Structures are given as structure tokens and as C-alpha cells.
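**Student:** The structure under discussion is supplied below as C-alpha cells; questions concerning it will follow.
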Protein chains: 2
Amino acid sequence: MVVGGGGIGLEIAVALKALGVEVTVTKRTPPVLPRTLDPDVGKPVEEHLNELGIKTMFGKSFDSISGNNNGGKVEAVVIGGEEIKTDLVVMAAGVRADFALASAAGIKSSSRGIITNNRLETSIEDIYAIGDCIETFQLINSEPCVMQLATSAYQQGIIAGINAVGGSAEYPGALNTFVSKIGKLEVAATGFNTPTAEEFGYEVIGTKVTAPNKPEYMPDHKEITVKIITDKKTGRILGGQAVGEEGAAWRVNLISLAIRTGMDIHSLNQTELAYSPPVSEAYDVLTMATEFAKRRLKLSK
Amino acid sequence: MVVGGGGIGLEIAVALKALGVEVTVTKRTPPVLPRTLDPDVGKPVEEHLNELGIKTMFGKSFDSISGNNNGGKVEAVVIGGEEIKTDLVVMAAGVRADFALASAAGIKSSSRGIITNNRLETSIEDIYAIGDCIETFQLINSEPCVMQLATSAYQQGIIAGINAVGGSAEYPGALNTFVSKIGKLEVAATGFNTPTAEEFGYEVIGTKVTAPNKPEYMPDHKEITVKIITDKKTGRILGGQAVGEEGAAWRVNLISLAIRTGMDIHSLNQTELAYSPPVSEAYDVLTMATEFAKRRLKLSK
């Protein structure tokens, strides 16, 4: 029984299944990766888990675990009122940083993490903090956030390192650029998904396209889905998601770079992408998604 | 005997070899893809051709073809003064557009192609031209150029189409974003290579890194080489090249987008790339190449 439908929960579920273990994934809210994917992009990921023989029980409360407390052996869980026998429970229901040491040292923090400025210096001069334990800020709108990914920790490490040895560097903010391999699927995203963008007050256009990653006459072509989230008011790109057997991460990396430059959907649409049939399509699924966003943006004016 | 070491020549050489034909590729200038790759990036491509059993005779003049003119059957070629028996000659030594029809219609052209403005309208109102037959311009420095790739033709088609039906769109210029699959290698490039940048008067920093595309403990990791060309004066990115079994095109696509936005090496270095061991490295070879460019740029100031 895996509790949690984020990257860690889904990856461990697939790994256990590959070892021949009967696996159920349970989570309170229905979509997988809810802070990363839109529900319609997450749906095929859930379907792929089921194809692999992994049972999903989404939208149900996790009530309790029972077992032999002496031997530390779990025997059953109660999910949405239903008792289910199990031999192993993997808790992958979220990450909360332990920054008690920093607090004890008098470093200022919020309820979620150590507070730093954009040089990644804490409230105490010459003490820097990076990674899962800090409250950082969104690149797109500068709102405070917690971003517990290696990608942001890595970049923060460089910035803090430069500043700690007397240089001067500013962290541009985090984009939540993410990829996970769930079974055969690359699942990737960057920036805001629709629910997050709407929480921040944006009215968005979401355009999703599924198409082969190279011409259909190439026997090794694979389907890929790309969704782009565009700000209806300005045309600015706010986020992107991709799911497929190949190339999801790099399409999302391209969207990540576009967001970083504050690029609008028209400029991304005109990007020159390398084309050759054994590798790619002349009219890539990413370009299609930007094309549809352009049209919907025009109609909405 | 394949004459020409561009994408078409090399692709046909590999295809003929796969059919069991003994193949030699010959070209006048030593490096492969000289307008696309720097010689040091092209070298492993030539070595891969040799590994596949394709003979290369570079840096020699192509003197003559002899054979039976009646039956149209070739018998030998003379290369650099040496006669070599052959059954088939593939001429892939360059492309020149035939725009005689346009000239006959009174449309203005240069020696290389039909002249258009940035709306892709010719010298005659309401007549548009796109693709291999036009002289277009470089995105980076607006210099006139001929860019005979599907990538630019495709984008020009959209722009010309919009303008032809009464809309208003401007072509941003061509970047020469290119990919070819040569045997097992993806060979990709965008913008200026070092010789082209130097011809245009730039003083450049070229930084090249070869590293695995994902952590070495992943059994399916592959080596990839990325080279980035940076303007020494401004730090602006002028070009990028990549060679490897996987992911060369997408790294070059990212550089293409960076060039399009006029991005400097510091901004590209801070791009958030999606990381997960089955898919990618936390410190991608592309980020390494930008890091080295940053350092060399700093030292050169």
C-alpha cells in the first residue's frame, strides 16, 4: 500500500510492482501529481499505472494502519472506511523540512522554511541556506513558496556559494521544473499548472496536443502530449506539461527557458526547432500547442 | 562514391552502406558539415563513418567521372589525381535554387535567390516567396543569407500565408537550426559555428563538454558532446552544436530559443532543467558548457 501520488509514491509503486509485489496506490485528492499536472494530463499517467497492474484508490481518506505493535508488523490499513489487508505501507504523502537547528541558532523562518533573501542569505549575516529547508520564491510572480526539488537546490547552491566567498549573485526564483519516469512514461512539467495559476489570480488558456514525436512513417515514433498554460491577458507563458515515452523533459525544458525570459506565446511559436524525420517532426507537438494558444488568445480578445 | 559531406551526402552514404554497398565519401574541404559544425565537433562524426566501414577521402579535388556515355554507366572517378573504379556516383555537393520562373515574371532577385522583405513579399506587390528559392536573412545579425532547410521554409510559409490573406506578420530571420541522423549519431547545430561567427567579425569563446546524458549508474546512459559559441564582447550566445546518440537536437533547440531571445550566457546558465536520474543529469552537459563559457568570459575581461 503506497500512500501518496507524487513522484516518489508513483516511482516506488512501479518499482515494487516490477519486483512482483501486488501494489495499491492511495491518495486523498483524485489527480496524480496535483501541484504539477493538470487533471487531464495526469489521467493517462493513472491509466498507465493500471495497465502495469497497479491498483489506484484515489479520492479516499487514509484512516488508519493496524498491526502488531510489538513486532512492528503492519497487518491492515483502513482507507475510506474500508479495511484492506497489507504487508507493507510506504508513506510518501509529502515532505516537510526540519529546520529546528536553524531556528535554535536564531535564524528567522516561516512555518514552512528558513527565510532567505534573493542572495540566499538568512537573517544572520554570512549564513546562507538553500534547498528543501528554505522558503524561496516563484520566478513567475515572486510569491513565496517551498520548492523541494534537486533542480532548484542545485542552482541555489551555486548562488549561495558565489555569495559566501565574496561574489555577488542573485537567485532568479524557482520554476518547479520537474520530471519523473513512471513506468514507460516521462512525466514533466514547469511553471504553474492551471489550478496553481488560477489560485494566483491568472485567467489562463490551456492548450493540449497529442501527436507523434516524429513522422508516423518512422517505425519508432512515439505519441507525446504537451499542454501549455498561457496568461489570457498578456499572452505570457506561465507553464507547460508533457507526458510521453520520449522527449517530454526536453519540451518542458524549452518551456522553462521561455518562461524564464518572460516570453509570450507568439515568440515561442516562432522558435526554430531542428527537424529531420529520424529525430523529429517539422511541426512539433510543442509548436502545435503554441499555435492553438495563439488562436484562442486571438479569439478571446 | 558519394561526393559531398553535408547532411544529404552523409545520410545517403550510411544508407548505402547499410544495404551492403562499399561506400566512399569525398569532399573538397576537410571537415564534415563545415557550415554547421566546428571541425573539432565534426571529427567524431567522421570517425563514426569510418567505424561503420565507410571510407572518407576529404580535402581532395573531385576531378572527373569517366564511363560509358552510351549506356550511361559510370566506371571510374578521378579524385585528387587518383583514379578509383566505381559503379555509382551520388552528387550531393550543394543545392542551388532555380528561380528562373520568378525572374522571368519580373521579380527582383540576387545571384542566390528571390529577394523578399521581412513580410516575405517579393518586389511585386501581393506576390510572396518562401523556402529554398529565396535570399533570406540571419536572425542574429540581419545579414542576407540562403537557408535551405525545411525548418525555415515551414516558418516562412506561415508568415507569408498570414500576410497573403491580409494579416500582418514578420519573419524574425533564420537561425540554421539543423539536425541529421548519421548512423547512430544525432548531429545538431544552430546559429553560427566558429568559422561563420569569425567571418561576421565576432570574437568568440567556444566551450565544448562531453559527458553522459544521465547519471553513469543508469545502464542506458549515453555520451553527448555540446559546444556553445559565445560572443566575447557581450556574452551573447551566437551558436551551439551537439553530437550524441540521444538528445543532441533538443539541447540545440534550447540554444536556438536562447539565441532568439538575445539571451546571454549567464541567463542560459541559470535555466532550470528537469532532473530525474532515469531521464537526465542534475548538472547537464549543456549547463556545463555555459558554466565554462561564463568562466572564460570572466577571465577574458
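To be explicit about the labels: the chains of the C-alpha cells are called A, B, and onward in the order shown, and within each one the residues are counted from 1, while ligands get numbers from 1 in the order they are shown.
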Per DSSP on the backbone, filter stretch 13-234 of chain B down to the residues in helix (DSSP H, G or I) and report them as a compact mmCIF listing (two decimals) with all heavy atoms, in the first residue's frame.

**Tutor:**
# COMPACT_ATOMS: atom_id res chain seq x y z
N ALA B 13 25.26 8.01 -47.67
CA ALA B 13 26.42 7.11 -47.51
C ALA B 13 26.08 6.01 -46.49
O ALA B 13 26.34 4.83 -46.73
CB ALA B 13 27.64 7.90 -47.06
N VAL B 14 25.49 6.41 -45.35
CA VAL B 14 25.14 5.44 -44.31
C VAL B 14 24.07 4.48 -44.82
O VAL B 14 24.14 3.27 -44.58
CB VAL B 14 24.67 6.16 -43.02
CG1 VAL B 14 24.13 5.16 -42.00
CG2 VAL B 14 25.82 6.98 -42.42
N ALA B 15 23.09 5.02 -45.56
CA ALA B 15 22.01 4.17 -46.08
C ALA B 15 22.55 3.15 -47.08
O ALA B 15 22.17 1.98 -47.04
CB ALA B 15 20.93 5.05 -46.73
N LEU B 16 23.45 3.57 -47.98
CA LEU B 16 24.02 2.64 -48.97
C LEU B 16 24.86 1.57 -48.27
O LEU B 16 24.79 0.39 -48.61
CB LEU B 16 24.88 3.41 -49.98
CG LEU B 16 24.09 4.24 -51.01
CD1 LEU B 16 25.03 5.16 -51.78
CD2 LEU B 16 23.31 3.34 -51.97
N LYS B 17 25.62 1.99 -47.27
CA LYS B 17 26.46 1.04 -46.52
C LYS B 17 25.57 -0.02 -45.85
O LYS B 17 25.89 -1.21 -45.85
CB LYS B 17 27.29 1.79 -45.48
CG LYS B 17 28.25 0.92 -44.71
CD LYS B 17 29.42 0.47 -45.56
CE LYS B 17 30.06 -0.79 -44.99
NZ LYS B 17 31.11 -1.33 -45.87
N ALA B 18 24.43 0.44 -45.30
CA ALA B 18 23.50 -0.49 -44.64
C ALA B 18 22.93 -1.51 -45.63
O ALA B 18 22.52 -2.60 -45.24
CB ALA B 18 22.38 0.29 -43.95
N PRO B 39 35.22 22.18 -36.77
CA PRO B 39 35.97 20.97 -37.14
C PRO B 39 36.12 19.97 -35.99
O PRO B 39 36.02 18.76 -36.20
CB PRO B 39 37.33 21.53 -37.59
CG PRO B 39 37.02 22.92 -38.06
CD PRO B 39 35.91 23.41 -37.18
N ASP B 40 36.30 20.46 -34.74
CA ASP B 40 36.51 19.52 -33.62
C ASP B 40 35.23 18.76 -33.26
O ASP B 40 35.28 17.66 -32.73
CB ASP B 40 37.09 20.24 -32.39
CG ASP B 40 36.17 21.33 -31.87
OD1 ASP B 40 35.41 21.92 -32.67
OD2 ASP B 40 36.20 21.60 -30.65
N VAL B 41 34.07 19.35 -33.56
CA VAL B 41 32.80 18.65 -33.30
C VAL B 41 32.49 17.69 -34.45
O VAL B 41 31.90 16.62 -34.25
CB VAL B 41 31.65 19.66 -33.10
CG1 VAL B 41 30.33 18.95 -32.84
CG2 VAL B 41 31.97 20.62 -31.95
N GLY B 42 32.95 18.06 -35.66
CA GLY B 42 32.73 17.19 -36.82
C GLY B 42 33.61 15.95 -36.83
O GLY B 42 33.25 14.94 -37.42
N LYS B 43 34.77 16.03 -36.16
CA LYS B 43 35.74 14.92 -36.17
C LYS B 43 35.12 13.59 -35.74
O LYS B 43 35.26 12.58 -36.44
CB LYS B 43 36.94 15.30 -35.28
CG LYS B 43 38.18 14.44 -35.53
CD LYS B 43 38.86 14.79 -36.86
CE LYS B 43 39.74 13.62 -37.29
NZ LYS B 43 40.05 13.63 -38.73
N PRO B 44 34.41 13.53 -34.58
CA PRO B 44 33.80 12.24 -34.18
C PRO B 44 32.75 11.74 -35.16
O PRO B 44 32.50 10.53 -35.24
CB PRO B 44 33.13 12.55 -32.83
CG PRO B 44 33.55 13.91 -32.43
CD PRO B 44 34.25 14.57 -33.56
N VAL B 45 32.15 12.64 -35.92
CA VAL B 45 31.17 12.21 -36.94
C VAL B 45 31.92 11.47 -38.04
O VAL B 45 31.50 10.40 -38.49
CB VAL B 45 30.38 13.41 -37.49
CG1 VAL B 45 29.39 12.96 -38.55
CG2 VAL B 45 29.68 14.18 -36.36
N GLU B 46 33.06 12.04 -38.46
CA GLU B 46 33.88 11.37 -39.48
C GLU B 46 34.37 10.01 -38.96
O GLU B 46 34.34 9.00 -39.68
CB GLU B 46 35.07 12.25 -39.88
CG GLU B 46 35.86 11.66 -41.04
CD GLU B 46 37.08 12.50 -41.42
OE1 GLU B 46 37.16 13.68 -41.03
OE2 GLU B 46 37.95 11.95 -42.13
N GLU B 47 34.80 9.99 -37.69
CA GLU B 47 35.27 8.72 -37.10
C GLU B 47 34.15 7.68 -37.07
O GLU B 47 34.39 6.49 -37.30
CB GLU B 47 35.82 8.97 -35.70
CG GLU B 47 37.18 9.66 -35.71
CD GLU B 47 37.56 10.28 -34.37
OE1 GLU B 47 36.82 10.09 -33.37
OE2 GLU B 47 38.60 10.97 -34.33
N HIS B 48 32.94 8.13 -36.79
CA HIS B 48 31.81 7.20 -36.76
C HIS B 48 31.54 6.62 -38.15
O HIS B 48 31.23 5.44 -38.29
CB HIS B 48 30.57 7.90 -36.19
CG HIS B 48 29.36 7.01 -36.11
ND1 HIS B 48 29.38 5.78 -35.51
CD2 HIS B 48 28.10 7.17 -36.57
CE1 HIS B 48 28.19 5.21 -35.60
NE2 HIS B 48 27.39 6.04 -36.24
N LEU B 49 31.68 7.45 -39.18
CA LEU B 49 31.53 6.96 -40.56
C LEU B 49 32.55 5.84 -40.81
O LEU B 49 32.22 4.78 -41.37
CB LEU B 49 31.74 8.09 -41.57
CG LEU B 49 30.67 9.18 -41.62
CD1 LEU B 49 31.15 10.33 -42.51
CD2 LEU B 49 29.33 8.64 -42.13
N ASN B 50 33.79 6.06 -40.38
CA ASN B 50 34.84 5.06 -40.58
C ASN B 50 34.54 3.77 -39.80
O ASN B 50 34.73 2.67 -40.32
CB ASN B 50 36.20 5.63 -40.18
CG ASN B 50 36.61 6.82 -41.05
OD1 ASN B 50 36.13 6.97 -42.17
ND2 ASN B 50 37.47 7.67 -40.54
N GLU B 51 34.05 3.93 -38.57
CA GLU B 51 33.62 2.77 -37.76
C GLU B 51 32.58 1.94 -38.50
O GLU B 51 32.54 0.72 -38.36
CB GLU B 51 32.94 3.25 -36.48
CG GLU B 51 33.82 3.42 -35.26
CD GLU B 51 33.04 4.15 -34.17
OE1 GLU B 51 31.79 3.97 -34.06
OE2 GLU B 51 33.69 4.92 -33.44
N ALA B 100 14.29 30.83 -62.06
CA ALA B 100 14.18 31.44 -63.39
C ALA B 100 12.75 31.92 -63.67
O ALA B 100 12.52 32.97 -64.28
CB ALA B 100 14.63 30.45 -64.46
N LEU B 101 11.79 31.14 -63.20
CA LEU B 101 10.38 31.50 -63.42
C LEU B 101 10.06 32.85 -62.80
O LEU B 101 9.43 33.71 -63.42
CB LEU B 101 9.48 30.41 -62.82
CG LEU B 101 7.98 30.63 -62.94
CD1 LEU B 101 7.52 30.60 -64.40
CD2 LEU B 101 7.21 29.60 -62.10
N ALA B 102 10.54 33.03 -61.53
CA ALA B 102 10.30 34.30 -60.84
C ALA B 102 10.97 35.45 -61.59
O ALA B 102 10.38 36.52 -61.78
CB ALA B 102 10.80 34.20 -59.40
N SER B 103 12.23 35.22 -62.01
CA SER B 103 12.95 36.27 -62.75
C SER B 103 12.21 36.63 -64.03
O SER B 103 12.05 37.80 -64.37
CB SER B 103 14.37 35.81 -63.07
OG SER B 103 15.06 35.55 -61.87
N ALA B 104 11.73 35.60 -64.75
CA ALA B 104 11.00 35.83 -66.00
C ALA B 104 9.73 36.64 -65.75
O ALA B 104 9.29 37.40 -66.62
CB ALA B 104 10.66 34.50 -66.66
N GLY B 131 11.18 29.70 -48.73
CA GLY B 131 11.87 28.43 -48.88
C GLY B 131 13.23 28.51 -49.55
O GLY B 131 13.90 29.54 -49.52
N ASP B 132 13.62 27.42 -50.17
CA ASP B 132 14.96 27.29 -50.73
C ASP B 132 15.26 28.33 -51.80
O ASP B 132 16.43 28.63 -52.06
CB ASP B 132 15.12 25.90 -51.39
CG ASP B 132 15.20 24.78 -50.36
OD1 ASP B 132 14.86 25.04 -49.18
OD2 ASP B 132 15.61 23.68 -50.73
N CYS B 133 14.22 28.89 -52.44
CA CYS B 133 14.45 29.78 -53.59
C CYS B 133 14.63 31.24 -53.20
O CYS B 133 14.85 32.08 -54.06
CB CYS B 133 13.30 29.65 -54.59
SG CYS B 133 11.73 30.24 -53.92
N ALA B 150 14.05 22.81 -44.23
CA ALA B 150 12.60 22.73 -44.04
C ALA B 150 12.15 23.61 -42.88
O ALA B 150 11.08 24.21 -42.91
CB ALA B 150 12.19 21.28 -43.78
N THR B 151 13.00 23.67 -41.83
CA THR B 151 12.65 24.44 -40.63
C THR B 151 12.32 25.89 -40.96
O THR B 151 11.30 26.42 -40.52
CB THR B 151 13.85 24.41 -39.66
OG1 THR B 151 14.25 23.07 -39.50
CG2 THR B 151 13.50 24.99 -38.33
N SER B 152 13.20 26.53 -41.76
CA SER B 152 12.94 27.93 -42.07
C SER B 152 11.82 28.05 -43.11
O SER B 152 10.97 28.94 -43.00
CB SER B 152 14.21 28.65 -42.53
OG SER B 152 15.08 27.79 -43.21
N ALA B 153 11.79 27.14 -44.08
CA ALA B 153 10.73 27.17 -45.10
C ALA B 153 9.35 27.09 -44.44
O ALA B 153 8.41 27.81 -44.81
CB ALA B 153 10.91 26.02 -46.08
N TYR B 154 9.25 26.21 -43.48
CA TYR B 154 8.00 25.99 -42.78
C TYR B 154 7.52 27.26 -42.07
O TYR B 154 6.36 27.67 -42.20
CB TYR B 154 8.22 24.84 -41.78
CG TYR B 154 7.18 24.72 -40.75
CD1 TYR B 154 5.95 24.14 -41.06
CD2 TYR B 154 7.38 25.22 -39.48
CE1 TYR B 154 4.97 24.05 -40.12
CE2 TYR B 154 6.40 25.14 -38.53
CZ TYR B 154 5.20 24.55 -38.84
OH TYR B 154 4.22 24.48 -37.92
N GLN B 155 8.44 27.91 -41.36
CA GLN B 155 8.06 29.13 -40.65
C GLN B 155 7.75 30.26 -41.61
O GLN B 155 6.82 31.03 -41.40
CB GLN B 155 9.19 29.55 -39.72
CG GLN B 155 9.32 28.59 -38.55
CD GLN B 155 9.92 29.29 -37.37
OE1 GLN B 155 10.84 30.09 -37.52
NE2 GLN B 155 9.42 28.99 -36.20
N GLN B 156 8.54 30.33 -42.69
CA GLN B 156 8.28 31.36 -43.70
C GLN B 156 6.91 31.16 -44.33
O GLN B 156 6.19 32.12 -44.62
CB GLN B 156 9.38 31.32 -44.77
CG GLN B 156 10.73 31.80 -44.26
CD GLN B 156 11.89 31.37 -45.16
OE1 GLN B 156 11.69 30.73 -46.19
NE2 GLN B 156 13.10 31.72 -44.77
N GLY B 157 6.52 29.91 -44.53
CA GLY B 157 5.21 29.60 -45.10
C GLY B 157 4.08 30.17 -44.27
O GLY B 157 3.10 30.71 -44.81
N ILE B 158 4.21 30.04 -42.95
CA ILE B 158 3.17 30.58 -42.06
C ILE B 158 3.09 32.10 -42.19
O ILE B 158 2.02 32.68 -42.34
CB ILE B 158 3.45 30.15 -40.61
CG1 ILE B 158 3.28 28.63 -40.47
CG2 ILE B 158 2.53 30.89 -39.63
CD1 ILE B 158 3.67 28.08 -39.13
N ILE B 159 4.28 32.74 -42.14
CA ILE B 159 4.33 34.21 -42.21
C ILE B 159 3.75 34.70 -43.54
O ILE B 159 2.89 35.59 -43.58
CB ILE B 159 5.80 34.70 -42.09
CG1 ILE B 159 6.47 34.18 -40.82
CG2 ILE B 159 5.87 36.24 -42.19
CD1 ILE B 159 6.02 34.74 -39.54
N ALA B 160 4.22 34.11 -44.63
CA ALA B 160 3.74 34.52 -45.96
C ALA B 160 2.24 34.27 -46.09
O ALA B 160 1.51 35.10 -46.65
CB ALA B 160 4.50 33.77 -47.06
N GLY B 161 1.78 33.16 -45.55
CA GLY B 161 0.35 32.84 -45.60
C GLY B 161 -0.48 33.88 -44.89
O GLY B 161 -1.51 34.34 -45.41
N ILE B 162 -0.04 34.25 -43.69
CA ILE B 162 -0.77 35.27 -42.90
C ILE B 162 -0.85 36.57 -43.70
O ILE B 162 -1.92 37.18 -43.83
CB ILE B 162 -0.08 35.49 -41.53
CG1 ILE B 162 -0.27 34.26 -40.63
CG2 ILE B 162 -0.62 36.76 -40.85
CD1 ILE B 162 0.57 34.27 -39.36
N ASN B 163 0.31 37.00 -44.25
CA ASN B 163 0.34 38.27 -44.98
C ASN B 163 -0.46 38.19 -46.29
O ASN B 163 -1.13 39.16 -46.66
CB ASN B 163 1.79 38.67 -45.27
CG ASN B 163 2.52 39.06 -43.99
OD1 ASN B 163 1.93 39.62 -43.08
ND2 ASN B 163 3.80 38.74 -43.92
N ALA B 164 -0.42 37.04 -46.95
CA ALA B 164 -1.11 36.90 -48.24
C ALA B 164 -2.63 37.01 -48.09
O ALA B 164 -3.32 37.43 -49.02
CB ALA B 164 -0.74 35.56 -48.90
N THR B 194 31.95 28.51 -35.23
CA THR B 194 33.08 29.44 -35.05
C THR B 194 33.52 30.09 -36.36
O THR B 194 33.63 31.33 -36.41
CB THR B 194 34.26 28.72 -34.34
OG1 THR B 194 33.79 28.28 -33.07
CG2 THR B 194 35.44 29.63 -34.14
N PRO B 195 33.76 29.31 -37.44
CA PRO B 195 34.19 29.98 -38.68
C PRO B 195 33.19 31.02 -39.18
O PRO B 195 33.59 32.11 -39.61
CB PRO B 195 34.34 28.82 -39.68
CG PRO B 195 34.51 27.60 -38.84
CD PRO B 195 33.76 27.83 -37.58
N THR B 196 31.89 30.73 -39.11
CA THR B 196 30.89 31.70 -39.58
C THR B 196 30.88 32.94 -38.70
O THR B 196 30.85 34.08 -39.19
CB THR B 196 29.49 31.05 -39.59
OG1 THR B 196 29.55 29.82 -40.32
CG2 THR B 196 28.46 31.95 -40.22
N ALA B 197 30.91 32.74 -37.39
CA ALA B 197 30.91 33.90 -36.47
C ALA B 197 32.13 34.78 -36.74
O ALA B 197 32.02 36.02 -36.77
CB ALA B 197 30.91 33.41 -35.02
N GLU B 198 33.28 34.15 -36.96
CA GLU B 198 34.51 34.93 -37.21
C GLU B 198 34.44 35.67 -38.55
O GLU B 198 34.88 36.82 -38.64
CB GLU B 198 35.74 34.03 -37.11
CG GLU B 198 36.02 33.67 -35.64
CD GLU B 198 37.14 32.64 -35.45
OE1 GLU B 198 37.55 32.02 -36.45
OE2 GLU B 198 37.56 32.47 -34.28
N GLU B 199 33.86 35.02 -39.55
CA GLU B 199 33.64 35.71 -40.84
C GLU B 199 32.82 36.98 -40.65
O GLU B 199 33.03 37.98 -41.33
CB GLU B 199 32.84 34.80 -41.77
CG GLU B 199 33.66 34.04 -42.79
CD GLU B 199 32.78 33.04 -43.53
OE1 GLU B 199 31.68 33.44 -43.99
OE2 GLU B 199 33.19 31.86 -43.60

**Student:** Residues of chain A that approach chain B to 9 Å or less, counting only C-alpha atoms: could you list each one with the shortest pair of atoms and its distance in Å to one decimal, rows by chain and increasing residue number, as CSV?

**Tutor:**
residue,atom,partner,partner_atom,distance
A:Leu149,CA,B:Tyr275,CA,8.6
A:Ala150,CA,B:Ala282,CA,7.1
A:Thr151,CA,B:Tyr275,CA,6.3
A:Ser152,CA,B:Glu272,CA,7.3
A:Tyr154,CA,B:Ala282,CA,7.4
A:Gln155,CA,B:Gln270,CA,7.0
A:Tyr171,CA,B:Gln270,CA,8.6
A:Pro172,CA,B:Gln270,CA,8.0
A:Ala174,CA,B:Glu272,CA,7.9
A:Leu175,CA,B:Glu272,CA,7.1
A:Asn176,CA,B:Glu272,CA,8.2
A:Thr177,CA,B:Ala274,CA,5.1
A:Phe178,CA,B:Ala274,CA,4.8
A:Val179,CA,B:Ala274,CA,5.4
A:Ser180,CA,B:Ser276,CA,5.9
A:Lys181,CA,B:Pro278,CA,6.5
A:Glu186,CA,B:Val279,CA,7.7
A:Ala188,CA,B:Ala274,CA,7.3
A:Ala189,CA,B:Ala274,CA,8.0
A:Thr190,CA,B:Ala274,CA,8.2
A:Gly247,CA,B:Trp250,CA,8.2
A:Ala249,CA,B:Ala274,CA,6.1
A:Trp250,CA,B:Trp250,CA,6.0
A:Arg251,CA,B:Trp250,CA,7.7
A:Val252,CA,B:Ala274,CA,7.6
A:Asn253,CA,B:Leu273,CA,5.3
A:Leu254,CA,B:Leu254,CA,5.6
A:Ser256,CA,B:Glu272,CA,6.5
A:Leu257,CA,B:Thr271,CA,5.9
A:Ala258,CA,B:Leu257,CA,7.6
A:Arg260,CA,B:Thr271,CA,7.2
A:Thr261,CA,B:Thr261,CA,7.4
A:Met263,CA,B:Thr261,CA,8.1
A:Ser267,CA,B:Arg260,CA,8.5
A:Leu268,CA,B:Leu257,CA,7.8
A:Gln270,CA,B:Gln155,CA,7.0
A:Thr271,CA,B:Leu257,CA,5.9
A:Glu272,CA,B:Thr177,CA,6.2
A:Leu273,CA,B:Asn253,CA,5.3
A:Ala274,CA,B:Phe178,CA,4.8
A:Tyr275,CA,B:Val179,CA,5.9
A:Ser276,CA,B:Val179,CA,5.9
A:Pro277,CA,B:Ser180,CA,8.6
A:Pro278,CA,B:Lys181,CA,6.5
A:Val279,CA,B:Lys181,CA,7.1
A:Ser280,CA,B:Ala249,CA,8.5
A:Ala282,CA,B:Thr151,CA,6.4
A:Tyr283,CA,B:Tyr154,CA,8.2

**Student:** Could you pull out all residues of stretch 2-249 of chain A with a DSSP call of strand (DSSP E) and give them as number ranges by chain?

**Tutor:** A: 2-3, 24-27, 55-58, 62-68, 73-79, 82-85, 90-91, 114-115, 134-137, 144-145, 178-182, 185-191, 204-212, 223-231, 237-244

**Student:** What does the distance between atom CA of A:Thr24 and atom CA of A:Leu185 come to in Å, to one decimal place?

**Tutor:**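 So the two atoms, atom CA of A:Thr24 and atom CA of A:Leu185, lie 18.7 Å apart.
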
**Student:** Expressed in Å to a single decimal, how great is the separation between atom CA of B:Ile205 and atom CA of B:Asp231?

**Tutor:**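 Straight-line distance from atom CA of B:Ile205 to atom CA of B:Asp231 works out to 6.4 Å.
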
**Student:** Which residues come within 9 Å of A:Val78, counting only C-alpha atoms, excluding same-chain residues fewer than 5 positions away, as a PyMOL selection string?

**Tutor:** chain A and resi 61-66+83-85

**Student:** I need the residues from that last selection saved to file as a tab-separated table (two decimals), in the first residue's frame (with N, CA and C atoms), if you can.

**Tutor:**
chain	number	residue	atom	x	y	z
A	61	SER	N	-9.99	8.95	1.97
A	61	SER	CA	-9.19	9.31	3.13
A	61	SER	C	-8.37	8.11	3.59
A	62	PHE	N	-7.20	8.40	4.11
A	62	PHE	CA	-6.39	7.33	4.72
A	62	PHE	C	-6.67	7.38	6.21
A	63	ASP	N	-7.42	6.40	6.72
A	63	ASP	CA	-7.93	6.49	8.09
A	63	ASP	C	-6.96	5.94	9.13
A	64	SER	N	-6.43	4.76	8.91
A	64	SER	CA	-5.57	4.19	9.95
A	64	SER	C	-4.74	3.01	9.43
A	65	ILE	N	-3.72	2.69	10.22
A	65	ILE	CA	-2.91	1.48	9.99
A	65	ILE	C	-3.09	0.61	11.22
A	66	SER	N	-3.29	-0.68	11.06
A	66	SER	CA	-3.31	-1.55	12.24
A	66	SER	C	-2.31	-2.68	12.03
A	83	GLU	N	-11.47	-1.70	5.26
A	83	GLU	CA	-10.24	-2.32	5.75
A	83	GLU	C	-9.60	-3.17	4.64
A	84	ILE	N	-8.33	-2.98	4.44
A	84	ILE	CA	-7.60	-3.73	3.40
A	84	ILE	C	-6.36	-4.34	4.03
A	85	LYS	N	-6.20	-5.66	3.86
A	85	LYS	CA	-5.02	-6.36	4.39
A	85	LYS	C	-3.79	-5.92	3.60

**Student:** Record the distance separating atom CA of A:Gly244 and atom CA of A:Val95, expressed in Å with one decimal.

**Tutor:**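 Taking atom CA of A:Gly244 as the start and atom CA of A:Val95 as the end point, the length is 26.7 Å.
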
**Student:** Residues within 9 Å of A:Val32, please, as a list in words. Count only C-alpha atoms; anything in the same chain fewer than 2 positions from it doesn't count.

**Tutor:**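 Result of the neighbour search: Gly4, Gly5, Gly6, Gly7, Leu10, Lys27, Thr29, Pro30, Pro34, Arg35, Thr36, Leu37, Asp38, Pro39, Gly42, Lys43, Val45, Glu46 and Phe58 of chain A.
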
**Student:** Do a neighbour search on A:Gly235 at 7 Å with only C-alpha atoms, toss out local chain neighbours closer than 3 positions, and write the hits as a list in words.

**Tutor:**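 Selected residues are Thr230, Asp231, Lys232, Asp264 and Ile265 of chain A.
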